[in-house]
file input-v7.cif (mmCIF, C-alpha atoms)
data_protein
#
loop_
_atom_site.label_atom_id
_atom_site.label_comp_id
_atom_site.auth_asym_id
_atom_site.auth_seq_id
_atom_site.Cartn_x
_atom_site.Cartn_y
_atom_site.Cartn_z
CA MET A 1 -26.39 173.68 95.35
CA LEU A 2 -26.32 172.39 98.94
CA LEU A 3 -28.67 175.17 100.02
CA LEU A 4 -31.02 174.32 97.14
CA TRP A 5 -30.95 170.61 98.02
CA PHE A 6 -31.70 171.42 101.66
CA ALA A 7 -34.70 173.54 100.57
CA VAL A 8 -35.99 170.60 98.48
CA VAL A 9 -35.58 168.23 101.44
CA GLU A 10 -37.39 170.70 103.71
CA PHE A 11 -40.28 171.00 101.23
CA LEU A 12 -40.60 167.24 100.70
CA GLY A 13 -40.60 166.73 104.47
CA ASN A 14 -43.88 168.64 104.64
CA VAL A 15 -45.64 166.45 102.05
CA PRO A 16 -47.97 164.16 104.06
CA LEU A 17 -47.44 161.22 101.67
CA LEU A 18 -43.69 161.26 102.33
CA GLN A 19 -43.64 161.79 106.09
CA LYS A 20 -44.24 158.10 106.78
CA LEU A 21 -41.12 157.13 104.80
CA PRO A 22 -37.66 156.57 106.30
CA SER A 23 -35.61 159.76 106.27
CA SER A 24 -33.06 157.99 104.06
CA SER A 25 -35.73 157.48 101.37
CA LEU A 26 -36.73 161.12 101.52
CA ARG A 27 -33.12 162.23 101.01
CA LYS A 28 -32.84 159.94 97.98
CA ILE A 29 -36.06 161.38 96.54
CA ALA A 30 -34.65 164.90 96.98
CA GLU A 31 -31.67 163.94 94.82
CA VAL A 32 -33.72 162.76 91.81
CA VAL A 33 -36.82 164.99 91.66
CA VAL A 34 -37.11 167.32 88.67
CA LEU A 35 -38.58 170.85 88.73
CA LYS A 36 -41.32 171.50 86.16
CA ARG A 37 -43.13 174.82 85.63
CA TYR A 38 -46.49 175.53 83.98
CA GLY A 39 -48.26 178.73 82.98
CA LYS A 40 -51.83 179.55 83.95
CA GLY A 41 -54.21 177.39 81.88
CA ASP A 42 -51.55 174.87 80.86
CA PHE A 43 -52.40 171.18 81.05
CA VAL A 44 -50.19 169.43 83.56
CA VAL A 45 -51.58 166.03 82.62
CA ARG A 46 -54.22 165.17 80.01
CA GLU A 47 -56.95 162.56 80.37
CA ASP A 48 -55.78 159.04 79.46
CA GLN A 49 -52.15 160.20 79.49
CA THR A 50 -49.67 157.80 81.04
CA TRP A 51 -48.05 159.12 84.18
CA ASP A 52 -44.39 160.03 83.80
CA GLY A 53 -43.88 160.21 87.55
CA CYS A 54 -45.27 161.42 90.85
CA TYR A 55 -46.01 165.17 91.13
CA PHE A 56 -45.67 167.29 94.27
CA ILE A 57 -47.03 170.83 94.06
CA LEU A 58 -44.32 173.26 95.11
CA GLU A 59 -46.06 176.55 94.28
CA GLY A 60 -49.44 177.59 92.84
CA GLU A 61 -52.70 175.72 92.33
CA ALA A 62 -54.03 173.14 89.89
CA GLN A 63 -57.53 171.90 89.17
CA VAL A 64 -58.58 168.30 88.59
CA CYS A 65 -61.34 168.14 85.97
CA GLU A 66 -63.06 164.84 85.33
CA PRO A 67 -64.35 164.14 81.81
CA ALA A 68 -67.33 166.31 80.76
CA GLU A 69 -69.40 163.27 79.84
CA GLU A 70 -69.22 161.89 83.37
CA GLU A 71 -72.64 162.06 85.04
CA ASN A 72 -71.22 163.08 88.45
CA ARG A 73 -68.41 165.26 87.12
CA SER A 74 -66.41 166.92 89.88
CA GLU A 75 -63.64 169.48 90.11
CA PHE A 76 -61.34 170.22 92.99
CA LEU A 77 -58.21 172.21 93.67
CA LEU A 78 -54.74 170.94 94.39
CA LYS A 79 -52.51 173.22 96.45
CA GLN A 80 -49.00 173.27 97.92
CA TYR A 81 -47.92 169.87 99.34
CA ASP A 82 -50.70 168.05 97.44
CA TYR A 83 -49.56 165.21 95.20
CA PHE A 84 -50.74 163.05 92.31
CA GLY A 85 -49.35 160.67 89.74
CA HIS A 86 -47.60 157.35 89.23
CA GLY A 87 -47.45 155.10 92.27
CA ILE A 88 -50.46 156.80 93.86
CA SER A 89 -53.45 156.56 91.54
CA GLY A 90 -52.60 153.97 88.88
CA HIS A 91 -50.58 154.18 85.67
CA VAL A 92 -53.07 156.12 83.50
CA HIS A 93 -54.81 159.33 84.48
CA SER A 94 -58.60 159.55 84.01
CA ALA A 95 -58.98 163.32 84.33
CA ASP A 96 -57.36 166.53 83.17
CA ILE A 97 -55.17 168.49 85.56
CA VAL A 98 -54.93 172.17 84.64
CA ALA A 99 -52.75 174.88 86.18
CA MET A 100 -55.02 177.55 87.68
CA THR A 101 -52.06 179.86 88.44
CA GLU A 102 -48.38 179.90 87.68
CA LEU A 103 -47.52 176.39 88.83
CA ALA A 104 -44.31 174.68 89.94
CA CYS A 105 -44.09 170.95 90.62
CA LEU A 106 -41.34 168.65 91.78
CA VAL A 107 -41.66 165.44 89.80
CA LEU A 108 -40.29 162.10 90.94
CA PRO A 109 -39.59 160.23 87.66
CA ARG A 110 -41.48 156.97 87.34
CA ASP A 111 -38.23 154.98 87.28
CA HIS A 112 -37.63 156.20 90.84
CA CYS A 113 -41.17 155.82 92.17
CA ARG A 114 -40.08 152.61 93.88
CA LEU A 115 -38.66 154.94 96.53
CA LEU A 116 -42.25 155.48 97.67
CA GLN A 117 -42.39 151.82 98.75
CA THR A 118 -40.26 150.76 101.72
CA ASN A 119 -39.85 147.76 103.97
CA SER A 120 -40.52 149.73 107.14
CA ILE A 121 -41.08 153.24 108.45
CA TRP A 122 -37.45 153.28 109.66
CA GLN A 123 -35.38 151.63 106.93
CA SER A 124 -35.75 151.57 103.15
CA ASP A 125 -33.48 148.65 102.28
CA THR A 126 -33.31 146.29 105.26
CA ALA A 127 -36.07 143.72 105.67
CA VAL A 128 -38.04 144.17 108.90
CA GLU A 129 -37.21 140.67 110.13
CA LYS A 130 -33.49 141.50 109.94
CA CYS A 131 -33.80 144.61 112.12
CA SER A 132 -33.10 144.60 115.86
CA LEU A 133 -35.93 143.46 118.12
CA VAL A 134 -36.63 146.92 119.54
CA GLU A 135 -36.82 148.37 116.03
CA ARG A 136 -39.31 145.66 115.08
CA ILE A 137 -41.36 146.44 118.20
CA LEU A 138 -41.50 150.09 117.09
CA GLN A 139 -42.44 149.21 113.51
CA LEU A 140 -45.92 150.46 112.59
CA ASP A 141 -48.15 149.81 109.59
CA PRO A 142 -49.49 153.05 108.04
CA LEU A 143 -53.19 152.38 107.38
CA GLU A 144 -54.30 155.84 106.27
CA LEU A 145 -53.01 159.37 106.58
CA ASN A 146 -52.50 159.91 110.35
CA ILE A 147 -53.55 156.35 111.28
CA PHE A 148 -51.07 153.58 112.16
CA ARG A 149 -51.32 150.04 113.50
CA GLY A 150 -48.94 148.51 116.04
CA ILE A 151 -48.81 145.03 117.54
CA THR A 152 -47.23 143.35 120.55
CA LEU A 153 -44.61 140.92 119.28
CA PRO A 154 -44.37 137.50 120.97
CA ASP A 155 -40.84 138.26 122.25
CA ALA A 156 -41.56 141.85 123.30
CA PRO A 157 -41.52 142.75 127.03
CA LYS A 158 -44.95 142.33 128.54
CA PHE A 159 -46.26 141.83 132.01
CA GLY A 160 -49.67 140.31 131.33
CA LYS A 161 -50.60 143.51 129.49
CA VAL A 162 -49.13 145.88 126.94
CA PHE A 163 -45.89 147.27 128.39
CA GLY A 164 -46.14 151.01 129.07
CA GLY A 165 -42.89 151.76 127.24
CA GLN A 166 -44.34 150.11 124.14
CA PHE A 167 -47.24 152.57 124.22
CA VAL A 168 -44.87 155.54 124.58
CA GLY A 169 -42.44 154.34 121.91
CA GLN A 170 -45.04 153.34 119.34
CA ALA A 171 -47.16 156.47 119.85
CA LEU A 172 -44.08 158.65 119.50
CA ALA A 173 -43.16 156.74 116.34
CA ALA A 174 -46.63 157.44 114.91
CA ALA A 175 -46.35 161.14 115.77
CA SER A 176 -42.83 161.32 114.29
CA LYS A 177 -44.12 159.91 111.01
CA THR A 178 -46.53 162.83 110.53
CA VAL A 179 -44.00 165.67 110.81
CA ASP A 180 -41.17 167.03 108.69
CA PHE A 181 -38.24 164.73 109.52
CA LEU A 182 -36.06 167.80 110.10
CA LYS A 183 -38.20 168.44 113.19
CA ILE A 184 -37.23 166.13 116.07
CA VAL A 185 -39.19 165.51 119.26
CA HIS A 186 -37.95 167.62 122.17
CA SER A 187 -40.67 166.84 124.73
CA LEU A 188 -43.56 164.48 125.33
CA HIS A 189 -46.28 164.03 127.94
CA SER A 190 -48.31 160.83 128.08
CA TYR A 191 -51.17 159.37 130.07
CA PHE A 192 -51.98 155.69 130.66
CA LEU A 193 -55.77 155.34 130.78
CA LEU A 194 -56.62 151.64 130.47
CA VAL A 195 -54.76 148.33 130.41
CA GLY A 196 -53.76 147.24 126.90
CA ASP A 197 -54.54 143.79 125.46
CA ILE A 198 -51.39 142.07 124.13
CA ASP A 199 -53.39 139.82 121.81
CA ILE A 200 -54.96 142.47 119.57
CA PRO A 201 -53.47 145.32 117.48
CA ILE A 202 -53.30 148.89 118.74
CA ILE A 203 -54.55 151.66 116.47
CA TYR A 204 -52.68 154.95 116.78
CA GLN A 205 -54.57 157.99 115.53
CA VAL A 206 -52.46 161.14 115.16
CA HIS A 207 -53.99 164.61 115.44
CA ARG A 208 -52.00 167.39 113.76
CA ILE A 209 -52.47 170.12 116.37
CA ARG A 210 -50.03 172.64 114.87
CA ASP A 211 -47.43 172.93 112.12
CA GLY A 212 -45.14 175.95 112.31
CA ASN A 213 -41.87 176.90 110.66
CA ASN A 214 -39.79 175.64 113.57
CA PHE A 215 -42.21 173.71 115.81
CA ALA A 216 -44.92 171.10 115.35
CA THR A 217 -47.34 169.65 117.90
CA ARG A 218 -49.08 166.28 117.79
CA ARG A 219 -51.58 164.38 119.89
CA VAL A 220 -51.80 160.61 119.58
CA ASP A 221 -54.68 158.42 120.75
CA ALA A 222 -54.03 154.69 121.17
CA VAL A 223 -57.25 152.74 120.62
CA GLN A 224 -58.31 149.16 121.34
CA LYS A 225 -61.88 147.84 121.13
CA GLY A 226 -63.13 151.35 120.40
CA ASN A 227 -61.65 152.81 123.61
CA ILE A 228 -58.81 155.29 123.98
CA ILE A 229 -56.41 153.48 126.32
CA PHE A 230 -53.38 155.80 126.08
CA MET A 231 -52.71 159.40 125.03
CA LEU A 232 -49.49 161.15 124.09
CA PHE A 233 -48.74 164.81 123.38
CA ALA A 234 -45.44 165.57 121.66
CA SER A 235 -43.68 168.71 120.50
CA PHE A 236 -41.13 168.72 117.68
CA GLN A 237 -38.51 171.35 116.83
CA LYS A 238 -36.16 172.01 113.94
CA GLU A 239 -32.50 172.23 114.97
CA GLN A 240 -31.39 175.81 115.61
CA PRO A 241 -28.22 177.34 117.09
CA GLY A 242 -28.67 178.81 120.57
CA PHE A 243 -27.47 178.92 124.17
CA ASP A 244 -25.85 175.95 125.88
CA HIS A 245 -25.10 175.16 129.53
CA GLN A 246 -25.37 172.17 131.85
CA GLU A 247 -25.65 172.31 135.62
CA SER A 248 -26.36 168.60 136.16
CA THR A 249 -23.29 166.42 136.63
CA MET A 250 -23.07 162.76 135.75
CA PRO A 251 -22.28 160.77 138.92
CA SER A 252 -19.11 158.73 139.14
CA VAL A 253 -20.10 155.16 138.31
CA PRO A 254 -18.29 152.06 137.03
CA ASP A 255 -17.79 151.69 133.29
CA PRO A 256 -20.59 149.56 131.77
CA ASP A 257 -18.07 147.11 130.30
CA THR A 258 -17.04 146.15 133.85
CA LEU A 259 -20.58 145.40 135.06
CA LEU A 260 -22.76 142.30 134.91
CA SER A 261 -25.52 141.91 132.35
CA LEU A 262 -29.04 140.96 133.48
CA GLU A 263 -28.40 137.40 132.30
CA GLU A 264 -25.17 137.16 134.29
CA LEU A 265 -26.79 138.77 137.33
CA ARG A 266 -29.61 136.25 137.17
CA GLU A 267 -27.18 133.31 137.11
CA ARG A 268 -25.28 134.75 140.07
CA ARG A 269 -28.46 135.21 142.10
CA ILE A 270 -29.53 131.62 141.50
CA THR A 271 -26.27 130.40 143.06
CA ASP A 272 -25.70 133.12 145.71
CA PRO A 273 -25.75 131.41 149.17
CA HIS A 274 -26.41 134.76 150.88
CA LEU A 275 -29.88 134.91 149.35
CA PRO A 276 -32.83 132.90 150.73
CA ARG A 277 -33.22 129.50 149.11
CA SER A 278 -36.91 130.23 148.42
CA TYR A 279 -35.95 133.36 146.50
CA ARG A 280 -33.23 131.53 144.51
CA ASN A 281 -35.67 128.80 143.58
CA LYS A 282 -38.24 131.36 142.50
CA VAL A 283 -35.69 133.12 140.23
CA ALA A 284 -34.60 129.81 138.72
CA ALA A 285 -38.17 128.71 138.03
CA ALA A 286 -39.29 132.01 136.51
CA ASN A 287 -39.68 132.15 132.74
CA PHE A 288 -36.81 134.42 131.71
CA VAL A 289 -37.39 136.29 128.42
CA PRO A 290 -34.43 138.50 127.45
CA TRP A 291 -35.33 142.15 126.88
CA PRO A 292 -34.42 144.00 123.67
CA ILE A 293 -32.61 146.52 125.90
CA GLU A 294 -29.32 145.59 127.57
CA ILE A 295 -29.15 146.79 131.19
CA ARG A 296 -26.22 146.86 133.60
CA PHE A 297 -26.78 148.02 137.19
CA CYS A 298 -24.11 150.32 138.63
CA ASP A 299 -24.61 149.16 142.22
CA PRO A 300 -25.19 145.39 142.20
CA ASN A 301 -26.30 144.23 145.66
CA ASN A 302 -28.20 141.52 147.43
CA SER A 303 -31.49 143.42 147.62
CA THR A 304 -34.54 141.58 146.34
CA ASN A 305 -38.13 142.53 145.72
CA GLN A 306 -38.74 141.59 149.38
CA THR A 307 -36.01 143.70 151.03
CA THR A 308 -36.01 147.43 151.72
CA SER A 309 -33.63 149.63 149.72
CA PRO A 310 -33.25 153.37 149.03
CA PRO A 311 -35.65 154.95 146.49
CA ARG A 312 -32.97 155.42 143.84
CA LEU A 313 -31.30 153.44 141.08
CA ARG A 314 -28.49 153.92 138.57
CA TYR A 315 -27.90 151.76 135.54
CA TRP A 316 -26.46 151.80 132.03
CA PHE A 317 -28.64 150.73 129.12
CA ARG A 318 -28.53 150.45 125.34
CA ALA A 319 -30.52 148.80 122.58
CA LYS A 320 -29.36 145.35 121.56
CA GLY A 321 -28.16 145.35 117.96
CA THR A 322 -27.37 148.28 115.68
CA LEU A 323 -30.05 150.84 114.82
CA SER A 324 -30.39 152.92 111.68
CA ASP A 325 -29.14 156.51 111.86
CA ASP A 326 -32.63 158.05 112.07
CA GLN A 327 -32.54 160.29 115.19
CA ALA A 328 -36.33 159.93 115.51
CA LEU A 329 -35.90 156.16 115.91
CA HIS A 330 -33.23 156.58 118.60
CA ARG A 331 -35.52 158.85 120.63
CA CYS A 332 -38.40 156.39 120.26
CA VAL A 333 -36.14 153.60 121.53
CA VAL A 334 -35.10 155.66 124.56
CA ALA A 335 -38.77 156.43 125.24
CA PHE A 336 -39.53 152.70 125.06
CA ALA A 337 -36.66 151.80 127.40
CA SER A 338 -37.36 154.57 129.92
CA ASP A 339 -40.37 152.76 131.41
CA LEU A 340 -38.70 149.39 131.99
CA ILE A 341 -37.39 150.06 135.53
CA PHE A 342 -38.73 153.45 136.57
CA ALA A 343 -41.95 153.37 138.57
CA GLY A 344 -40.73 150.48 140.75
CA VAL A 345 -38.10 152.73 142.38
CA SER A 346 -40.93 154.27 144.42
CA LEU A 347 -41.58 150.88 146.01
CA ASN A 348 -38.00 150.27 147.19
CA PRO A 349 -38.40 151.73 150.73
CA HIS A 350 -41.63 149.79 151.29
CA ARG A 351 -40.60 146.28 150.25
CA ARG A 352 -40.74 143.58 152.88
CA LYS A 353 -41.00 139.84 153.11
CA GLY A 354 -44.38 138.59 151.97
CA LEU A 355 -45.35 141.90 150.34
CA ARG A 356 -47.21 141.54 147.08
CA SER A 357 -47.41 144.86 145.30
CA ALA A 358 -47.89 146.51 141.93
CA ALA A 359 -46.58 149.73 140.40
CA LEU A 360 -48.57 151.00 137.41
CA SER A 361 -47.62 154.04 135.34
CA LEU A 362 -50.13 156.89 135.41
CA ASP A 363 -48.28 159.49 133.36
CA HIS A 364 -44.85 159.85 131.83
CA ALA A 365 -43.00 162.97 130.64
CA MET A 366 -39.68 163.33 128.82
CA TRP A 367 -37.51 166.22 127.63
CA PHE A 368 -34.83 165.50 125.03
CA HIS A 369 -31.99 168.01 125.39
CA ARG A 370 -29.33 166.78 122.96
CA PRO A 371 -28.86 164.27 120.11
CA LEU A 372 -28.26 160.72 121.31
CA ARG A 373 -27.72 157.17 120.16
CA ALA A 374 -29.85 154.49 121.80
CA ASP A 375 -27.50 151.72 120.64
CA ASP A 376 -24.63 153.22 122.67
CA TRP A 377 -24.48 153.18 126.47
CA LEU A 378 -26.61 155.74 128.32
CA LEU A 379 -26.60 156.18 132.09
CA PHE A 380 -30.06 156.38 133.67
CA VAL A 381 -30.07 157.98 137.13
CA THR A 382 -33.44 157.70 138.89
CA VAL A 383 -34.75 158.81 142.27
CA SER A 384 -38.18 158.86 143.92
CA PRO A 385 -38.45 162.07 145.98
CA THR A 386 -41.79 161.11 147.48
CA ALA A 387 -44.69 158.71 147.64
CA HIS A 388 -48.01 159.43 149.31
CA GLU A 389 -51.22 157.44 149.63
CA THR A 390 -51.34 155.38 146.43
CA ARG A 391 -49.06 157.48 144.22
CA GLY A 392 -45.32 157.46 143.78
CA PHE A 393 -43.30 160.12 141.98
CA VAL A 394 -40.02 159.39 140.16
CA THR A 395 -37.55 161.65 138.37
CA GLY A 396 -34.69 160.67 136.11
CA GLU A 397 -31.74 161.96 134.12
CA MET A 398 -29.96 160.25 131.24
CA PHE A 399 -26.32 160.95 130.38
CA ASN A 400 -24.18 159.79 127.47
CA ARG A 401 -20.68 158.44 128.09
CA LYS A 402 -19.22 161.95 127.68
CA GLY A 403 -21.28 163.14 130.65
CA GLU A 404 -23.72 165.21 128.59
CA LEU A 405 -27.29 165.37 129.90
CA VAL A 406 -29.39 164.11 127.00
CA VAL A 407 -32.82 163.42 128.57
CA SER A 408 -34.77 164.44 131.69
CA LEU A 409 -37.82 162.48 132.81
CA THR A 410 -40.61 162.36 135.38
CA GLN A 411 -43.28 159.80 136.09
CA GLU A 412 -46.16 159.37 138.50
CA CYS A 413 -47.27 155.84 139.23
CA LEU A 414 -49.97 154.00 141.12
CA LEU A 415 -48.60 151.96 144.03
CA ARG A 416 -50.82 149.27 145.50
CA GLU A 417 -50.47 146.36 147.83
CA ALA A 418 -52.05 143.35 146.22
CA ARG A 419 -55.16 142.21 147.98
CA PRO A 420 -55.15 138.58 149.16
CA PRO A 421 -57.49 136.36 147.13
CA LYS A 422 -60.92 135.98 148.61
CA PRO A 423 -61.58 132.49 150.07
CA SER A 424 -63.86 130.40 147.95
CA VAL A 425 -67.38 130.01 149.27
CA THR A 426 -68.55 126.43 149.69
CA SER A 427 -72.05 125.24 150.38
CA LYS A 428 -72.81 123.99 153.87
CA LEU A 429 -75.44 121.64 152.55
#

call {"tool": "encode", "arguments": {"input": "input-v7.cif", "output": "structure tokens"}}
result
Amino acid sequence: MLLLWFAVVEFLGNVPLLQKLPSSSLRKIAEVVVLKRYGKGDFVVREDQTWDGCYFILEGEAQVCEPAEEENRSEFLLKQYDYFGHGISGHVHSADIVAMTELACLVLPRDHCRLLQTNSIWQSDTAVEKCSLVERILQLDPLELNIFRGITLPDAPKFGKVFGGQFVGQALAAASKTVDFLKIVHSLHSYFLLVGDIDIPIIYQVHRIRDGNNFATRRVDAVQKGNIIFMLFASFQKEQPGFDHQESTMPSVPDPDTLLSLEELRERRITDPHLPRSYRNKVAAANFVPWPIEIRFCDPNNSTNQTTSPPRLRYWFRAKGTLSDDQALHRCVVAFASDLIFAGVSLNPHRRKGLRSAALSLDHAMWFHRPLRADDWLLFVTVSPTAHETRGFVTGEMFNRKGELVVSLTQECLLREARPPKPSVTSKL
């Protein structure tokens, strides 16, 4: 029975209508669907018949035949993974559906069709406003098949523009909601093309490049004002047994529970007499908006954004709040968090008093090696091997508390010294 249930789950995961649902909803649907079989020529549903549920074609083909008296009568075929019925096209059918071959359908009884409606793409029962902030940031509205809408929440991280990690996390969420949920992202490559506007929605259009038995490939275009401003390519794989080794070793660092939070570190810097008064005043006056990701630096020091330091950084991080058990969500959260303090490591050796600079992400790549939980502590070890001309290069590794390497990352960023403002021109007259 377990093998049969797993086969049903695997089939339902390939139905486009259901891919946008939380994985918990899909598992519930798998428990209540009923198998119905029809012979060639049998009526599946008759015109004006009330739907008794939602139908998903498991095997064979069916034809939709509109009434003969209709002036523009049309017929079209329904094949495997196509769907029709209650909750999709009204309560009463206006056409005949006839089996063209031996036909098998999985039917979700109408009393359970409420499972097709959920509060969010991640959770079926919890209201969106009660979810953690990072989960709300990664919430998307499905507009059409393969098209989603995301927004920048007022309390989301932003730096005068859409935060790069938001692009990566939301685009990966959109891609994840167009594949069988048994396939989990194992790698992504993304490109930042234009600055995003925090005041308008972002449209994510997913292109289904390939669907195989074990792998799926997606491309996602993020669009604002008719322009593609960000692109992501992601590959998904079904879990399979295989080889296992790990050469990378997690460095010896303090336990996260012994380290200061960003809020505590900020308070200490405001009162630290070893830091310049001008810097302390600047920190105190800055508008501090807590991030949805908790961060604890392993090597707290007195370095500031105006003092030179090595091009490396180690810190623990985790999502604030508890996330649902959907592994796709946890990987989207890690993708979101990975861009918070990454590119800036390339600037560390070049900082000096009076320097005004900017580090902008150009591209971002991630490889997910093992299952992870983003609401438990992960160690992020970053280093910038090189910077040349206007580009910095950063690599990173993420470890769980057991020392397992769960993610590897690379990023190239644009490093620029801010130009001084041009003096205003005044008339000599």

call {"tool": "atom_distance", "arguments": {"input": "input-v7.cif", "atom1": "atom CA of Ile200 of chain A", "atom2": "atom CA of Asp221 of chain A"}}
result
16.0 Å

call {"tool": "resolve_selection", "arguments": {"input": "input-v7.cif", "expression": "the PyMOL selection byres ((chain A and resi 313) around 10)", "output": "PDB file with C-alpha atoms, in the frame of the given file"}}
result
ATOM      1  CA  PHE A 297     -26.780 148.020 137.190  1.00  0.00           C
ATOM      2  CA  CYS A 298     -24.110 150.320 138.630  1.00  0.00           C
ATOM      3  CA  ASP A 299     -24.610 149.160 142.220  1.00  0.00           C
ATOM      4  CA  SER A 309     -33.630 149.630 149.720  1.00  0.00           C
ATOM      5  CA  PRO A 310     -33.250 153.370 149.030  1.00  0.00           C
ATOM      6  CA  PRO A 311     -35.650 154.950 146.490  1.00  0.00           C
ATOM      7  CA  ARG A 312     -32.970 155.420 143.840  1.00  0.00           C
ATOM      8  CA  ARG A 314     -28.490 153.920 138.570  1.00  0.00           C
ATOM      9  CA  TYR A 315     -27.900 151.760 135.540  1.00  0.00           C
ATOM     10  CA  ILE A 341     -37.390 150.060 135.530  1.00  0.00           C
ATOM     11  CA  PHE A 342     -38.730 153.450 136.570  1.00  0.00           C
ATOM     12  CA  GLY A 344     -40.730 150.480 140.750  1.00  0.00           C
ATOM     13  CA  VAL A 345     -38.100 152.730 142.380  1.00  0.00           C
ATOM     14  CA  ASN A 348     -38.000 150.270 147.190  1.00  0.00           C
ATOM     15  CA  PHE A 380     -30.060 156.380 133.670  1.00  0.00           C
ATOM     16  CA  VAL A 381     -30.070 157.980 137.130  1.00  0.00           C
ATOM     17  CA  THR A 382     -33.440 157.700 138.890  1.00  0.00           C
ATOM     18  CA  VAL A 383     -34.750 158.810 142.270  1.00  0.00           C
ATOM     19  CA  SER A 384     -38.180 158.860 143.920  1.00  0.00           C
ATOM     20  CA  GLY A 396     -34.690 160.670 136.110  1.00  0.00           C
TER      21      GLY A 396
END

call {"tool": "closest_residue", "arguments": {"input": "input-v7.cif", "among": "A:Ser324, A:Gln205, A:Gln63, A:Gln80", "to": "Gly226 of chain A", "atoms": "all atoms listed in the file"}}
result
A:Gln205

call {"tool": "resolve_selection", "arguments": {"input": "input-v7.cif", "expression": "the PyMOL selection byres ((chain A and resi 328-337) around 6)", "output": "NGL selection string"}}
result
:A and (165-166 or 169 or 326-327 or 338-340 or 373-374)

call {"tool": "resolve_selection", "arguments": {"input": "input-v7.cif", "expression": "the PyMOL selection byres ((chain A and resi 20) around 7)", "output": "list in words"}}
result
Leu17, Leu18, Gln19, Leu21, Pro22, Ile121, Lys177 and Thr178 of chain A

call {"tool": "atom_distance", "arguments": {"input": "input-v7.cif", "atom1": "atom CA of Ile137 of chain A", "atom2": "atom CA of Asn119 of chain A"}}
result
14.4 Å

call {"tool": "closest_residue", "arguments": {"input": "input-v7.cif", "among": "A:Ile203, A:Ala99, A:Val394, A:Val8", "to": "Arg37 of chain A", "atoms": "all atoms listed in the file"}}
result
A:Ala99

call {"tool": "closest_residue", "arguments": {"input": "input-v7.cif", "among": "A:Gly150, A:Trp316, A:Gln240, A:Arg391", "to": "Ser261 of chain A", "atoms": "only C-alpha atoms"}}
result
A:Trp316

call {"tool": "residues_around", "arguments": {"input": "input-v7.cif", "residues": "Ser23 of chain A", "least_positions_apart": "3", "cutoff": "8 Å", "atoms": "all atoms listed in the file", "output": "list in words"}}
result
Leu26, Arg27, Trp122, Phe181 and Asp326 of chain A

call {"tool": "atom_distance", "arguments": {"input": "input-v7.cif", "atom1": "atom CA of Cys65 of chain A", "atom2": "atom CA of Leu145 of chain A"}}
result
23.9 Å

call {"tool": "closest_residue", "arguments": {"input": "input-v7.cif", "among": "A:Gly85, A:Gly321, A:Pro251, A:Pro292", "to": "Phe399 of chain A", "atoms": "all atoms listed in the file"}}
result
A:Pro251

call {"tool": "residues_around", "arguments": {"input": "input-v7.cif", "residues": "Ser361 of chain A", "least_positions_apart": "3", "cutoff": "8 Å", "atoms": "all atoms listed in the file", "output": "ChimeraX atom specification"}}
result
/A:164,192,343,364,411-414

call {"tool": "residues_around", "arguments": {"input": "input-v7.cif", "residues": "Ser235 of chain A", "least_positions_apart": "2", "cutoff": "10 Å", "atoms": "all atoms listed in the file", "output": "list in words"}}
result
Ala175, Ser176, Lys183, Ile184, Val185, His186, Ser187, Leu188, His189, Ile209, Arg210, Phe215, Ala216, Thr217, Arg218, Arg219, Phe233, Gln237 and Trp367 of chain A

call {"tool": "residues_around", "arguments": {"input": "input-v7.cif", "residues": "Val34 of chain A", "least_positions_apart": "6", "cutoff": "7 Å", "atoms": "only C-alpha atoms", "output": "number ranges by chain"}}
result
A: 106-108

call {"tool": "closest_residue", "arguments": {"input": "input-v7.cif", "among": "A:Asp257, A:Glu417, A:Glu397, A:Asp376", "to": "His350 of chain A", "atoms": "only C-alpha atoms"}}
result
A:Glu417

call {"tool": "closest_residue", "arguments": {"input": "input-v7.cif", "among": "A:Gln246, A:Asn214, A:Ser357, A:Thr308", "to": "Leu182 of chain A", "atoms": "all atoms listed in the file"}}
result
A:Asn214

call {"tool": "residues_around", "arguments": {"input": "input-v7.cif", "residues": "Glu129 of chain A", "least_positions_apart": "6", "cutoff": "12 Å", "atoms": "only C-alpha atoms", "output": "ChimeraX atom specification"}}
result
/A:119-120,123,135-137,139,153

call {"tool": "residues_near_point", "arguments": {"input": "input-v7.cif", "point": "(-49.5, 152.0, 144.8)", "cutoff": "9 Å", "atoms": "all atoms listed in the file", "output": "ChimeraX atom specification"}}
result
/A:346-347,357-360,387-392,413-417

call {"tool": "write_last_selection", "arguments": {"input": "input-v7.cif", "atoms": "C-alpha atoms", "output": "compact mmCIF listing (two decimals), keeping the file's coordinate frame"}}
result
# COMPACT_ATOMS: atom_id res chain seq x y z
CA SER A 346 -40.93 154.27 144.42
CA LEU A 347 -41.58 150.88 146.01
CA SER A 357 -47.41 144.86 145.30
CA ALA A 358 -47.89 146.51 141.93
CA ALA A 359 -46.58 149.73 140.40
CA LEU A 360 -48.57 151.00 137.41
CA ALA A 387 -44.69 158.71 147.64
CA HIS A 388 -48.01 159.43 149.31
CA GLU A 389 -51.22 157.44 149.63
CA THR A 390 -51.34 155.38 146.43
CA ARG A 391 -49.06 157.48 144.22
CA GLY A 392 -45.32 157.46 143.78
CA CYS A 413 -47.27 155.84 139.23
CA LEU A 414 -49.97 154.00 141.12
CA LEU A 415 -48.60 151.96 144.03
CA ARG A 416 -50.82 149.27 145.50
CA GLU A 417 -50.47 146.36 147.83

call {"tool": "residues_near_point", "arguments": {"input": "input-v7.cif", "point": "(-21.1, 157.6, 124.9)", "cutoff": "12 Å", "atoms": "all atoms listed in the file", "output": "VMD selection string"}}
result
chain A and resid 255 to 256 316 to 318 371 to 379 398 to 406
